[in-house]
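For reference, input-v2.csv is printed below; it contains CSV, C-alpha atoms and all ligand atoms.
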chain,number,residue,atom,x,y,z
A,1,MET,CA,-36.3,-14.4,9.3
A,2,LYS,CA,-33.0,-15.5,7.7
A,3,LYS,CA,-34.4,-14.5,4.3
A,4,ILE,CA,-35.3,-11.0,5.5
A,5,ASN,CA,-31.8,-10.6,7.0
A,6,LEU,CA,-30.2,-11.6,3.8
A,7,PHE,CA,-32.4,-9.3,1.8
A,8,LEU,CA,-31.4,-6.5,4.2
A,9,PHE,CA,-27.8,-7.3,3.8
A,10,VAL,CA,-28.0,-7.4,0.0
A,11,THR,CA,-29.9,-4.1,-0.1
A,12,LEU,CA,-27.3,-2.5,2.3
A,13,TYR,CA,-24.5,-3.9,0.2
A,14,THR,CA,-26.0,-2.5,-3.0
A,15,LEU,CA,-26.5,0.9,-1.4
A,16,ILE,CA,-23.0,0.9,-0.1
A,17,HIS,CA,-21.6,-0.1,-3.4
A,18,ALA,CA,-23.7,2.5,-5.3
A,19,SER,CA,-22.4,5.3,-3.1
A,20,THR,CA,-18.9,3.8,-3.0
A,21,ILE,CA,-18.8,4.4,0.7
A,22,LEU,CA,-16.9,1.5,2.3
A,23,CYS,CA,-18.4,0.0,5.3
A,24,HIS,CA,-16.0,-2.3,7.2
A,25,GLY,CA,-18.6,-3.9,9.4
A,26,PRO,CA,-19.1,-7.7,9.4
A,27,GLU,CA,-22.5,-7.7,7.5
A,28,PRO,CA,-21.3,-6.2,4.1
A,29,VAL,CA,-18.1,-8.3,4.3
A,30,GLU,CA,-20.2,-11.4,4.9
A,31,VAL,CA,-22.4,-10.6,1.8
A,32,TRP,CA,-19.2,-10.0,-0.2
A,33,PHE,CA,-17.8,-13.3,1.1
A,34,ARG,CA,-20.9,-15.3,0.1
A,35,ASN,CA,-20.8,-13.8,-3.4
A,36,LEU,CA,-17.3,-15.2,-3.9
A,37,LYS,CA,-18.9,-18.6,-4.5
A,38,LYS,CA,-20.4,-17.2,-7.8
A,39,PRO,CA,-17.9,-17.5,-10.7
A,40,SER,CA,-16.7,-14.2,-11.8
A,41,VAL,CA,-13.8,-12.8,-13.9
A,42,PRO,CA,-11.1,-11.4,-11.5
A,43,LYS,CA,-10.6,-7.6,-11.7
A,44,THR,CA,-7.2,-6.0,-12.4
A,45,ALA,CA,-5.9,-2.6,-11.6
A,46,VAL,CA,-2.6,-0.8,-12.4
A,47,ILE,CA,-2.0,1.9,-9.9
A,48,GLN,CA,0.8,4.4,-10.4
A,49,PHE,CA,2.0,6.9,-7.8
A,50,TYR,CA,5.1,8.6,-6.3
A,51,VAL,CA,6.2,8.1,-2.7
A,52,GLN,CA,7.5,11.4,-1.2
A,53,ASP,CA,10.0,10.4,1.5
A,54,PHE,CA,11.6,12.7,4.0
A,55,VAL,CA,14.4,11.4,6.2
A,56,GLY,CA,15.0,14.8,7.8
A,57,GLY,CA,13.9,18.4,7.9
A,58,PRO,CA,10.5,19.9,8.9
A,59,ARG,CA,8.5,17.4,6.8
A,60,GLN,CA,10.3,14.3,8.1
A,61,SER,CA,8.1,11.2,7.3
A,62,ALA,CA,10.5,8.3,8.2
A,63,TRP,CA,12.0,7.8,11.6
A,64,GLN,CA,14.5,5.3,13.0
A,65,VAL,CA,12.9,3.7,16.0
A,66,ALA,CA,15.4,1.0,16.9
A,67,GLN,CA,18.8,-0.5,16.1
A,68,ALA,CA,20.9,-3.5,17.1
A,69,SER,CA,24.3,-3.5,18.8
A,70,ILE,CA,25.8,-4.5,15.4
A,71,THR,CA,24.1,-1.6,13.5
A,72,PRO,CA,26.8,1.2,14.1
A,73,THR,CA,29.5,-1.0,12.7
A,74,SER,CA,27.5,-2.9,10.1
A,75,PRO,CA,28.3,-1.9,6.5
A,76,THR,CA,24.7,-2.6,5.6
A,77,ASN,CA,23.1,-0.9,8.6
A,78,PHE,CA,21.9,-4.3,9.7
A,79,GLY,CA,19.3,-4.2,12.4
A,80,ARG,CA,18.1,-0.6,11.8
A,81,LEU,CA,14.4,-0.3,12.0
A,82,ILE,CA,12.4,2.6,10.6
A,83,VAL,CA,8.7,3.6,10.8
A,84,ALA,CA,7.4,5.7,7.9
A,85,ASP,CA,4.2,7.6,7.0
A,86,SER,CA,4.8,9.0,3.5
A,87,LEU,CA,2.7,11.1,1.2
A,88,LEU,CA,1.6,9.4,-2.1
A,89,THR,CA,1.2,11.8,-5.0
A,90,VAL,CA,-0.1,11.4,-8.6
A,91,GLY,CA,2.9,13.2,-10.1
A,92,THR,CA,6.6,13.5,-9.3
A,93,ASP,CA,6.1,17.0,-7.8
A,94,LEU,CA,5.6,17.1,-4.0
A,95,ASN,CA,2.7,19.5,-4.6
A,96,SER,CA,0.8,17.4,-7.2
A,97,ALA,CA,-2.5,15.8,-6.2
A,98,PRO,CA,-2.3,13.6,-3.1
A,99,ILE,CA,-3.8,10.1,-3.4
A,100,GLY,CA,-2.9,8.5,-0.1
A,101,ARG,CA,-0.3,7.5,2.4
A,102,GLY,CA,2.3,4.8,2.6
A,103,GLN,CA,2.6,3.6,6.2
A,104,GLY,CA,4.7,0.9,7.7
A,105,LEU,CA,8.0,-0.6,8.7
A,106,ILE,CA,11.4,-0.8,7.0
A,107,GLY,CA,14.1,-3.0,8.4
A,108,TYR,CA,17.7,-3.4,7.3
A,109,SER,CA,17.8,-7.2,7.2
A,110,ASP,CA,20.8,-8.2,5.0
A,111,LEU,CA,24.2,-8.7,6.6
A,112,ASN,CA,26.1,-8.6,3.3
A,113,ASP,CA,24.2,-6.4,0.8
A,114,PRO,CA,22.3,-3.1,1.4
A,115,ALA,CA,18.7,-4.4,1.4
A,116,VAL,CA,15.6,-3.8,3.5
A,117,SER,CA,12.5,-5.8,4.3
A,118,SER,CA,9.5,-3.6,3.7
A,119,SER,CA,6.0,-4.0,5.2
A,120,ILE,CA,4.0,-1.1,4.0
A,121,ASN,CA,0.2,-0.4,3.9
A,122,TYR,CA,-0.9,1.9,1.1
A,123,VAL,CA,-4.0,3.8,2.3
A,124,PHE,CA,-5.9,5.5,-0.5
A,125,THR,CA,-7.6,8.8,0.4
A,126,SER,CA,-9.0,9.9,-2.9
A,127,GLY,CA,-10.4,8.7,-6.2
A,128,LYS,CA,-12.2,5.4,-6.8
A,129,TYR,CA,-10.0,3.6,-4.3
A,130,ASN,CA,-10.7,6.1,-1.5
A,131,GLY,CA,-11.0,4.2,1.8
A,132,SER,CA,-9.3,1.0,0.4
A,133,THR,CA,-5.8,-0.3,1.3
A,134,LEU,CA,-3.2,-2.5,-0.2
A,135,SER,CA,-0.5,-4.3,1.8
A,136,MET,CA,3.0,-4.6,0.3
A,137,PHE,CA,5.6,-6.9,1.7
A,138,GLY,CA,9.0,-7.8,0.4
A,139,ARG,CA,12.7,-7.3,0.0
A,140,ASN,CA,14.0,-4.1,-1.5
A,141,PRO,CA,17.6,-4.2,-2.6
A,142,LEU,CA,18.7,-0.5,-2.2
A,143,SER,CA,21.8,-0.9,-4.4
A,144,ALA,CA,19.8,-2.0,-7.4
A,145,ALA,CA,20.1,0.7,-10.0
A,146,GLY,CA,17.0,-0.3,-11.9
A,147,ASP,CA,13.6,-1.6,-10.9
A,148,ARG,CA,12.9,-3.5,-7.7
A,149,GLU,CA,10.0,-5.8,-7.3
A,150,LEU,CA,8.0,-6.5,-4.1
A,151,SER,CA,4.8,-8.4,-3.5
A,152,ILE,CA,1.3,-7.2,-2.8
A,153,VAL,CA,0.0,-9.7,-0.3
A,154,GLY,CA,-3.5,-8.4,0.4
A,155,GLY,CA,-5.9,-5.5,0.8
A,156,THR,CA,-9.1,-4.1,2.2
A,157,GLY,CA,-12.2,-2.4,0.8
A,158,VAL,CA,-12.4,-2.9,-3.0
A,159,PHE,CA,-9.1,-4.7,-2.7
A,160,ARG,CA,-10.2,-7.6,-0.4
A,161,LEU,CA,-8.2,-10.7,-1.2
A,162,ALA,CA,-5.9,-8.8,-3.6
A,163,ARG,CA,-2.6,-10.2,-4.8
A,164,GLY,CA,-0.1,-8.5,-7.0
A,165,ILE,CA,3.3,-7.1,-7.7
A,166,ALA,CA,4.7,-3.6,-7.0
A,167,THR,CA,7.6,-2.3,-9.0
A,168,VAL,CA,9.8,0.5,-7.7
A,169,ARG,CA,12.2,2.8,-9.4
A,170,THR,CA,14.1,5.7,-7.8
A,171,TYR,CA,13.0,9.0,-9.3
A,172,LEU,CA,14.9,11.3,-7.0
A,173,ASP,CA,17.5,9.9,-4.7
A,174,PHE,CA,17.7,11.5,-1.2
A,175,ASP,CA,18.9,15.1,-1.7
A,176,ALA,CA,20.7,17.4,0.8
A,177,THR,CA,17.4,18.2,2.5
A,178,GLY,CA,16.6,14.4,3.0
A,179,HIS,CA,13.9,14.4,0.3
A,180,GLY,CA,13.6,11.3,-2.0
A,181,VAL,CA,10.9,10.4,-4.6
A,182,PHE,CA,10.1,6.9,-5.6
A,183,ASN,CA,8.1,5.8,-8.6
A,184,TYR,CA,5.7,2.9,-7.8
A,185,THR,CA,3.5,0.9,-10.1
A,186,LEU,CA,1.2,-1.7,-8.5
A,187,TYR,CA,-0.2,-4.5,-10.6
A,188,VAL,CA,-3.2,-5.9,-8.7
A,189,ILE,CA,-5.6,-8.7,-9.2
A,190,TYR,CA,-8.7,-9.1,-7.0
A,191,PRO,CA,-12.0,-10.9,-7.0
B,201,LIG,C1,-12.6,10.0,0.8
B,201,LIG,O1,-13.5,9.4,1.7
B,201,LIG,C2,-13.7,10.0,2.9
B,201,LIG,C3,-14.6,9.2,3.8
B,201,LIG,O2,-15.8,8.7,3.0
B,201,LIG,C4,-14.4,11.4,2.6
B,201,LIG,O3,-14.6,12.1,3.8
B,201,LIG,C5,-13.4,12.2,1.8
B,201,LIG,O4,-14.0,13.4,1.4
B,201,LIG,C6,-13.0,11.4,0.5
B,201,LIG,N1,-12.0,12.1,-0.2
B,201,LIG,C7,-12.0,12.4,-1.5
B,201,LIG,C8,-10.9,13.3,-2.0
B,201,LIG,O5,-12.9,12.1,-2.2
B,202,LIG,C1,7.2,5.9,-13.6
B,202,LIG,O1,7.1,4.5,-14.0
B,202,LIG,C2,6.1,4.3,-14.9
B,202,LIG,C3,6.1,2.8,-15.1
B,202,LIG,O2,7.3,2.3,-15.5
B,202,LIG,C4,6.4,5.1,-16.2
B,202,LIG,O3,5.4,4.9,-17.1
B,202,LIG,C5,6.6,6.5,-15.9
B,202,LIG,O4,7.0,7.2,-17.0
B,202,LIG,C6,7.6,6.7,-14.8
B,202,LIG,N1,7.6,8.1,-14.4
B,202,LIG,C7,8.7,8.9,-14.5
B,202,LIG,C8,8.6,10.3,-14.1
B,202,LIG,O5,9.8,8.4,-14.8
Can I see the file as C-alpha cells?
Ligand SMILES: *[C@@H]1O[C@H](CO)[C@@H](O)[C@H](O)[C@H]1NC(C)=O
Ligand SMILES: *[C@@H]1O[C@H](CO)[C@@H](O)[C@H](O)[C@H]1NC(C)=O
Amino acid sequence: MKKINLFLFVTLYTLIHASTILCHGPEPVEVWFRNLKKPSVPKTAVIQFYVQDFVGGPRQSAWQVAQASITPTSPTNFGRLIVADSLLTVGTDLNSAPIGRGQGLIGYSDLNDPAVSSSINYVFTSGKYNGSTLSMFGRNPLSAAGDRELSIVGGTGVFRLARGIATVRTYLDFDATGHGVFNYTLYVIYP
C-alpha cells in the first residue's frame, strides 16, 4: 500500500513539474522533501525587476497604517508603519510587462538615521516562476545614495528553502505625483 502511494506521489509530482503548475498540497511537498536527501547541485537564479511604488494619487500602492506618539516629531519618522502592494515590471516603464507583486510591511525603525525594516513577499505571476514566491527581509537605509542590500530568507513553489541577497538601487525617486521606481536584483540559491 505504501509503495503504491509513493508511486502515485511520484507520478503526481512528475506531472505537476512537467506542466509547471504548482500544487501547494502536502503530498507534492512531501515528495519534494524526501528527494532532498539525494545529493544534488543547488540551483541559482538572478532575477531582475523594477518595483513601481505609488505613495499617493489614483494608483496608490503604499499606505500608512500606524504610527507611534513619537513619529510626528521624529526626524526619522520612527514608528511609522506602511503596508504596500506594488507592481513589479520587467522594465523601468510602468507599462512594461508585469511579472508580479511586492507585498508586505515597511517600518521606520531607526531613531537616528532614516532607515526602514522591510518584510516583503515577491509574488511572481508570469514566466517560469509564476506561482512561486520569495520572501525578503532586512534593513533598507533610505539615505544611502548607492546600492542597498537585503536578505532573501525563504520562498515557496520552485523557491522552497531559498536563500539569497537582494540589491536595491533607486531608479526614480518619488516624483510630484508620488511615483517611485526601484531597481531590484535578486541573487537566489535553492535546492
Ligand atoms: C500564471 O499561473 C496562473 C495559475 O496557474 C495562470 O492562471 C496564469 O495564466 C499564469 N500567468 C501567465 C502570465 O502565464
Ligand atoms: C538595474 O540594475 C542592474 C543590476 O545592477 C543593471 O544591470 C541595470 O542596468 C539597472 N537598470 C537601470 C535602468 O539602471
Near-ligand residues for ligand LIG 202 (chain B), threshold 8 Å, all atoms listed in the file, as a VMD selection string: chain A and resid 48 to 49 91 to 92 167 to 169 171 183 to 185
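Take the candidates A:Asn77, A:Ser86, A:Ser132, A:Ser151 and check each one against His179 (chain A) using only C-alpha atoms; the shortest distance goes to A:Ser86.
CA of Phe182 (chain A) sits 19.5 Å away from CA of Leu81 (chain A).
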List as JSON lines every residue of chain A that is in contact with ligand LIG 201 (chain B), defined as an atom at most 6 Å from one of its atoms (using only C-alpha atoms and all ligand atoms), together with the nearest atom pair and the distance in Å rounded to one decimal, sorted by chain and then rising number.
{"residue": "A:Ile21", "atom": "CA", "partner": "B:LIG201", "partner_atom": "O2", "distance": 5.7}
{"residue": "A:Thr125", "atom": "CA", "partner": "B:LIG201", "partner_atom": "C1", "distance": 5.2}
{"residue": "A:Ser126", "atom": "CA", "partner": "B:LIG201", "partner_atom": "C8", "distance": 4.0}
{"residue": "A:Gly127", "atom": "CA", "partner": "B:LIG201", "partner_atom": "O5", "distance": 5.8}
{"residue": "A:Asn130", "atom": "CA", "partner": "B:LIG201", "partner_atom": "C1", "distance": 4.9}
{"residue": "A:Gly131", "atom": "CA", "partner": "B:LIG201", "partner_atom": "O1", "distance": 5.8}
Tell me which of A:Val51, A:Ala176, A:Ala166, A:Ile99 sits closest to Tyr129 (chain A), counting all atoms listed in the file.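 Under the stated criterion, the closest residue is A:Ile99.
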Counting only C-alpha atoms, which of A:Ile47, A:Leu150, A:Ala68, A:Ile106 gets nearest to Leu186 (chain A)? A:Ile47
Using all atoms listed in the file, pick whichever of A:Trp32, A:Tyr187, A:Trp63, A:Phe137 has the shortest atom-to-atom distance to Ile165 (chain A). A:Tyr187
CA of Asp110 (chain A) sits from CA of Gly79 (chain A) at a separation of 8.5 Å
Please indicate the distance in Å from CA of Leu36 (chain A) to CA of Tyr122 (chain A), rounded to one decimal place.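 Those two atoms sit 24.2 Å apart.
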Taking all atoms listed in the file into account, which of A:Val158, A:Ile189, A:Leu142, A:Ala84 comes nearest Pro28 (chain A)?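 Once distances to Pro28 (chain A) are computed over all atoms listed in the file, the minimum belongs to A:Val158.
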Find the residue from A:Asn140, A:Thr71, A:Ser117, A:Ser61 that sits nearest to Arg101 (chain A); use only C-alpha atoms when measuring.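 For Arg101 (chain A), the nearest of the candidates is A:Ser61.
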Applying 8 Å and only C-alpha atoms, which residues near region 52-59 of chain A remain after dropping the ones on its own chain fewer than 5 positions away? List them as a PyMOL selection string. chain A and resi 86-89+94+177-182
Starting from the sparse input, extend region 43-68 of chain A to N, CA and C atoms and give the output as an mmCIF file, in the coordinates of the input.
data_model
loop_
_atom_site.group_PDB
_atom_site.id
_atom_site.type_symbol
_atom_site.label_atom_id
_atom_site.label_comp_id
_atom_site.auth_asym_id
_atom_site.auth_seq_id
_atom_site.Cartn_x
_atom_site.Cartn_y
_atom_site.Cartn_z
ATOM 1 N N LYS A 43 -10.836 -9.013 -11.282
ATOM 2 C CA LYS A 43 -10.600 -7.600 -11.700
ATOM 3 C C LYS A 43 -9.102 -7.341 -11.637
ATOM 4 N N THR A 44 -8.650 -6.439 -12.455
ATOM 5 C CA THR A 44 -7.200 -6.000 -12.400
ATOM 6 C C THR A 44 -7.178 -4.507 -12.264
ATOM 7 N N ALA A 45 -6.106 -4.030 -11.669
ATOM 8 C CA ALA A 45 -5.900 -2.600 -11.600
ATOM 9 C C ALA A 45 -4.371 -2.321 -11.686
ATOM 10 N N VAL A 46 -4.017 -1.282 -12.399
ATOM 11 C CA VAL A 46 -2.600 -0.800 -12.400
ATOM 12 C C VAL A 46 -2.644 0.567 -11.785
ATOM 13 N N ILE A 47 -1.945 0.699 -10.672
ATOM 14 C CA ILE A 47 -2.000 1.900 -9.900
ATOM 15 C C ILE A 47 -0.583 2.539 -9.841
ATOM 16 N N GLN A 48 -0.475 3.746 -10.340
ATOM 17 C CA GLN A 48 0.800 4.400 -10.400
ATOM 18 C C GLN A 48 0.855 5.630 -9.513
ATOM 19 N N PHE A 49 1.882 5.730 -8.668
ATOM 20 C CA PHE A 49 2.000 6.900 -7.800
ATOM 21 C C PHE A 49 3.458 7.131 -7.427
ATOM 22 N N TYR A 50 3.722 8.257 -6.779
ATOM 23 C CA TYR A 50 5.100 8.600 -6.300
ATOM 24 C C TYR A 50 5.048 8.695 -4.799
ATOM 25 N N VAL A 51 6.030 8.068 -4.153
ATOM 26 C CA VAL A 51 6.200 8.100 -2.700
ATOM 27 C C VAL A 51 7.137 9.273 -2.389
ATOM 28 N N GLN A 52 6.667 10.233 -1.575
ATOM 29 C CA GLN A 52 7.500 11.400 -1.200
ATOM 30 C C GLN A 52 8.043 11.095 0.220
ATOM 31 N N ASP A 53 9.313 10.730 0.261
ATOM 32 C CA ASP A 53 10.000 10.400 1.500
ATOM 33 C C ASP A 53 10.820 11.521 2.038
ATOM 34 N N PHE A 54 10.761 11.767 3.330
ATOM 35 C CA PHE A 54 11.600 12.700 4.000
ATOM 36 C C PHE A 54 12.338 12.077 5.143
ATOM 37 N N VAL A 55 13.678 12.004 5.095
ATOM 38 C CA VAL A 55 14.400 11.400 6.200
ATOM 39 C C VAL A 55 14.951 12.454 7.173
ATOM 40 N N GLY A 56 14.606 13.717 6.894
ATOM 41 C CA GLY A 56 15.000 14.800 7.800
ATOM 42 C C GLY A 56 14.210 16.043 7.462
ATOM 43 N N GLY A 57 14.520 17.143 8.133
ATOM 44 C CA GLY A 57 13.900 18.400 7.900
ATOM 45 C C GLY A 57 12.485 18.510 8.500
ATOM 46 N N PRO A 58 11.794 19.651 8.270
ATOM 47 C CA PRO A 58 10.500 19.900 8.900
ATOM 48 C C PRO A 58 9.391 18.950 8.507
ATOM 49 N N ARG A 59 9.537 18.319 7.320
ATOM 50 C CA ARG A 59 8.500 17.400 6.800
ATOM 51 C C ARG A 59 8.834 15.953 7.029
ATOM 52 N N GLN A 60 9.781 15.680 7.943
ATOM 53 C CA GLN A 60 10.300 14.300 8.100
ATOM 54 C C GLN A 60 9.114 13.299 8.208
ATOM 55 N N SER A 61 9.220 12.225 7.401
ATOM 56 C CA SER A 61 8.100 11.200 7.300
ATOM 57 C C SER A 61 8.643 9.824 7.671
ATOM 58 N N ALA A 62 9.959 9.659 7.833
ATOM 59 C CA ALA A 62 10.500 8.300 8.200
ATOM 60 C C ALA A 62 11.452 8.518 9.372
ATOM 61 N N TRP A 63 11.251 7.709 10.391
ATOM 62 C CA TRP A 63 12.000 7.800 11.600
ATOM 63 C C TRP A 63 12.602 6.499 12.043
ATOM 64 N N GLN A 64 13.879 6.556 12.444
ATOM 65 C CA GLN A 64 14.500 5.300 13.000
ATOM 66 C C GLN A 64 13.925 5.163 14.413
ATOM 67 N N VAL A 65 13.468 3.936 14.715
ATOM 68 C CA VAL A 65 12.900 3.700 16.000
ATOM 69 C C VAL A 65 13.732 2.701 16.849
ATOM 70 N N ALA A 66 14.629 1.968 16.170
ATOM 71 C CA ALA A 66 15.400 1.000 16.900
ATOM 72 C C ALA A 66 16.659 0.618 16.067
ATOM 73 N N GLN A 67 17.662 0.082 16.753
ATOM 74 C CA GLN A 67 18.800 -0.500 16.100
ATOM 75 C C GLN A 67 19.398 -1.578 16.932
ATOM 76 N N ALA A 68 20.269 -2.422 16.325
ATOM 77 C CA ALA A 68 20.900 -3.500 17.100
ATOM 78 C C ALA A 68 22.299 -3.087 17.478
#
